[in-house]
Every structure is written in structure tokens, then in C-alpha cells.
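K.L.:
My questions all concern the structure below.
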Amino acid sequence: MKLLVINGPNINFLGIREKEIYGTQTYDSLLEYIRNICGKENIDVSFFQSNHEGAIVDAIQDAYGKTDAIVINPAAYTHTSVAILDALKAVSIPAVEVHLSDVSAREEFRRLSYVSLACLKTVKGKGFEGYRDAILFLKEYLREK
Ligand code: DQA
């Protein structure tokens with residue numbers, strides 16, 4: 001199974017940004033956490049992070065025909081981006097949306113997710129573990145397909 005993990009704006013600042021919300025662990029430690037899980041699960045994982053909406057759209061398009069599944073934390077673009085929603089719909093790659101924080105318990109504007117309309121599932125408020133849930137869900141989903 002080939003998996004692409006996409007993280008949006010400011011996720012590269014984990015460990016620096018709003019630690020009371022996102023914790024003290026860094027983006028690099030997130031990648032290590034995911035690599036570890038994928039190693040155990042025999043999943044071939046690659047990563048993409050960008051602070052730019054169009055770059056994320058390009059990464060999703062590039063995944064077409066090369067990736068079996070996508071885990072995406074679109075960060076702030078979750079709540080604004082029809083372009084990322086459309087890109088996920090365009091490639092039709094099974095995708096799960098992840099949020100480190102519980103977006104439903106924060107500001108009103110974080111309750112809306114365009115991206116969720118193209119995702120099989122949303123995992124929120126579980127920190128790094130949310131990525132694990134998403135990966136295992138996608139592995140099982142592909143196995144059953
Ligand atoms: C986030 C939640 C978003 O609302 C926010 O803009 C982020 C991170 C999360 O992982 O909890 O940057 O996606």
C-alpha cells in the first residue's frame with residue numbers, strides 16, 4: 001500500500017505554535033511517529049507539507065495513479081478551500097481528514113470543513129494518534145475493497 005500524508009499551513013511549526021492547543025512535539029517527530037507505524041504495517045509512506053494552497057492541489061494531482069490512499073490535515077485550508085476539495089474529488093483516491101485539535105470545540109469557523117466532503121472519515125482531537133487511526137482505517141478499507 002502506498003500512502004501519501006499531506007499537511008497544510010503551519011503544521012511545520014508544530015512544537016513552536018500554540019503549544020497549549022497543538023502540544024510540544026515537532027513536525028519532525030510527527031513524521032517519525034508516522035514512519036514508525038507505516039514500518040510496522042508494511043506501508044510505503046511519503047510526506048508533503050506546504051503553506052500554499054496551490055502546492056497542495058498540485059501534490060494531490062501528482063498522487064493520481066501513484067498513491068493508494070491519502071491522509072490529509074489541510075490545517076486552515078480545511079475551512080476555506082474548495083480547490084483542495086475539488087482536487088481530492090478529481091483524483092478519487094481514498095482519503096481521511098485529520099485534525100490534531102478538536103475543531104468542533106473551538107471557534108465557530110473551524111466547524112466547517114469543505115475537505116470532509118471528499119473524505120471517507122474525519123479524525124479530530126486525538127493529536128498524533130489521529131494520524132494512526134486514519135492510516136489503520138485506510139489500510140482496512142483497502143483490504144476490504
Ligand atoms: C488543525 C485545525 C485547523 O483549524 C487549524 O487551522 C490548523 C490545525 C488541527 O490539526 O487541529 O492549522 O487542522
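Within each chain, counting starts at residue 1; across the C-alpha cells, chains are named A, B, ... in the order shown, with ligands numbered 1 upward in that order.
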Excluding same-chain residues fewer than 6 positions from Leu14 in chain A, what lies within 10 Å of it counting only C-alpha atoms, as a list in words?

P.N.:
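What passes the distance filter is Tyr22, Gly23, Thr24, Gln25, Thr26, Tyr27, Asp28, Ser29 and Leu30 of chain A.
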
K.L.:
Distance limit 9 Å, reference ligand 1, atoms considered: only C-alpha atoms and all ligand atoms. Which residues make the cut? Give them as an NGL selection string.

P.N.:
:A and (7-11 or 21-22 or 73-79 or 97-103 or 106-107 or 109-111 or 124-125 or 127)

K.L.:
Do you know which residues are at most 6 Å from range 42-59 of chain A counting only C-alpha atoms, after dropping those on the same chain fewer than 5 positions away, and could you put them as a ChimeraX atom specification?

P.N.:
/A:1-9,84,87

K.L.:
Of the candidates A:Val123, A:Ile34, A:Leu117, A:Val71, which shows the shortest atom-to-atom distance to Pro94 in chain A, using only C-alpha atoms?

P.N.:
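For Pro94 in chain A, the nearest of the candidates is A:Val71.
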
K.L.:
Check the smallest atom-to-atom distance from each of A:Val96, A:Lys121, A:Gly15, A:Val82 to Ala69 in chain A using only C-alpha atoms, then report the winner.

P.N.:
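Closest candidate: A:Val96.
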
K.L.:
Between A:Tyr141, A:Asn12, A:Leu136, A:Tyr64, which is the closest to Leu31 in chain A once you count only C-alpha atoms?

P.N.:
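Smallest separation from Leu31 in chain A among the options: A:Asn12.
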
K.L.:
Report, in Å to a single decimal, how far apart CA of Ile16 in chain A and CA of Thr122 in chain A are.

P.N.:
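Atom-to-atom, CA of Thr122 in chain A and CA of Ile16 in chain A are spaced 24.8 Å apart.
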
K.L.:
Could you pull out the helix (DSSP H, G or I) residues of chain A, going by DSSP on the backbone, and write them as a ChimeraX atom specification?

P.N.:
/A:11-13,19-22,27-40,53-62,75-79,82-91,103-105,108-111,115-118,129-144

K.L.:
Using only C-alpha atoms, which residues sit within 10 Å of Leu88 in chain A once same-chain residues fewer than 2 positions away are excluded, as a ChimeraX atom specification?

P.N.:
/A:57,60-61,63-64,70,72,82-86,90-95,115-119

K.L.:
Run DSSP on the backbone of this structure and report the residues of chain A it assigns to strand (DSSP E), as a list in words.

P.N.:
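The residues of chain A classed as strand (DSSP E) are Lys2, Leu3, Leu4, Val5, Ile6, Asn7, Asp44, Val45, Ser46, Phe47, Phe48, Gln49, Ala69, Ile70, Val71, Ile72, Asn73, Ala95, Val96, Glu97, Val98, His99, Lys121, Thr122, Val123 and Lys124 of chain A.
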
K.L.:
Can you write out the residues you just picked, keeping C-alpha atoms, as an mmCIF file, in the first residue's frame?

P.N.:
data_model
loop_
_atom_site.group_PDB
_atom_site.id
_atom_site.type_symbol
_atom_site.label_atom_id
_atom_site.label_comp_id
_atom_site.auth_asym_id
_atom_site.auth_seq_id
_atom_site.Cartn_x
_atom_site.Cartn_y
_atom_site.Cartn_z
ATOM 1 C CA LYS A 2 1.276 3.421 -0.974
ATOM 2 C CA LEU A 3 0.252 6.254 1.309
ATOM 3 C CA LEU A 4 0.687 9.999 0.970
ATOM 4 C CA VAL A 5 0.448 12.123 4.123
ATOM 5 C CA ILE A 6 -0.287 15.775 3.388
ATOM 6 C CA ASN A 7 -0.040 18.540 5.966
ATOM 7 C CA ASP A 44 5.151 2.706 1.796
ATOM 8 C CA VAL A 45 4.683 6.275 3.051
ATOM 9 C CA SER A 46 5.639 9.641 1.622
ATOM 10 C CA PHE A 47 5.090 13.110 3.027
ATOM 11 C CA PHE A 48 4.163 16.516 1.720
ATOM 12 C CA GLN A 49 3.805 19.743 3.677
ATOM 13 C CA ALA A 69 -4.538 6.415 -0.074
ATOM 14 C CA ILE A 70 -4.179 9.924 1.329
ATOM 15 C CA VAL A 71 -4.158 11.182 4.906
ATOM 16 C CA ILE A 72 -4.629 14.927 4.905
ATOM 17 C CA ASN A 73 -4.529 17.606 7.553
ATOM 18 C CA ALA A 95 -8.704 9.956 1.816
ATOM 19 C CA VAL A 96 -9.091 10.570 5.532
ATOM 20 C CA GLU A 97 -9.016 14.024 7.112
ATOM 21 C CA VAL A 98 -7.092 14.503 10.352
ATOM 22 C CA HIS A 99 -7.008 17.377 12.845
ATOM 23 C CA LYS A 121 -13.740 9.893 7.575
ATOM 24 C CA THR A 122 -12.552 12.724 9.824
ATOM 25 C CA VAL A 123 -10.437 12.161 12.935
ATOM 26 C CA LYS A 124 -10.106 15.135 15.264
#

K.L.:
Just checking: using only C-alpha atoms, which residue out of A:Glu20, A:Leu142, A:Phe137, A:Glu129 ends up closest to Tyr33 in chain A?

P.N.:
A:Glu129

K.L.:
So what do you get for CA of Gly65 in chain A versus CA of Ala134 in chain A, distance-wise?

P.N.:
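Going from CA of Gly65 in chain A over to CA of Ala134 in chain A, I get 20.7 Å.
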
K.L.:
Under the rule that only C-alpha atoms are counted, which of A:Thr80, A:Leu112, A:Glu41, A:Ala105 is the nearest residue to Leu138 in chain A?

P.N.:
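Using only C-alpha atoms, the shortest distance to Leu138 in chain A belongs to A:Glu41.
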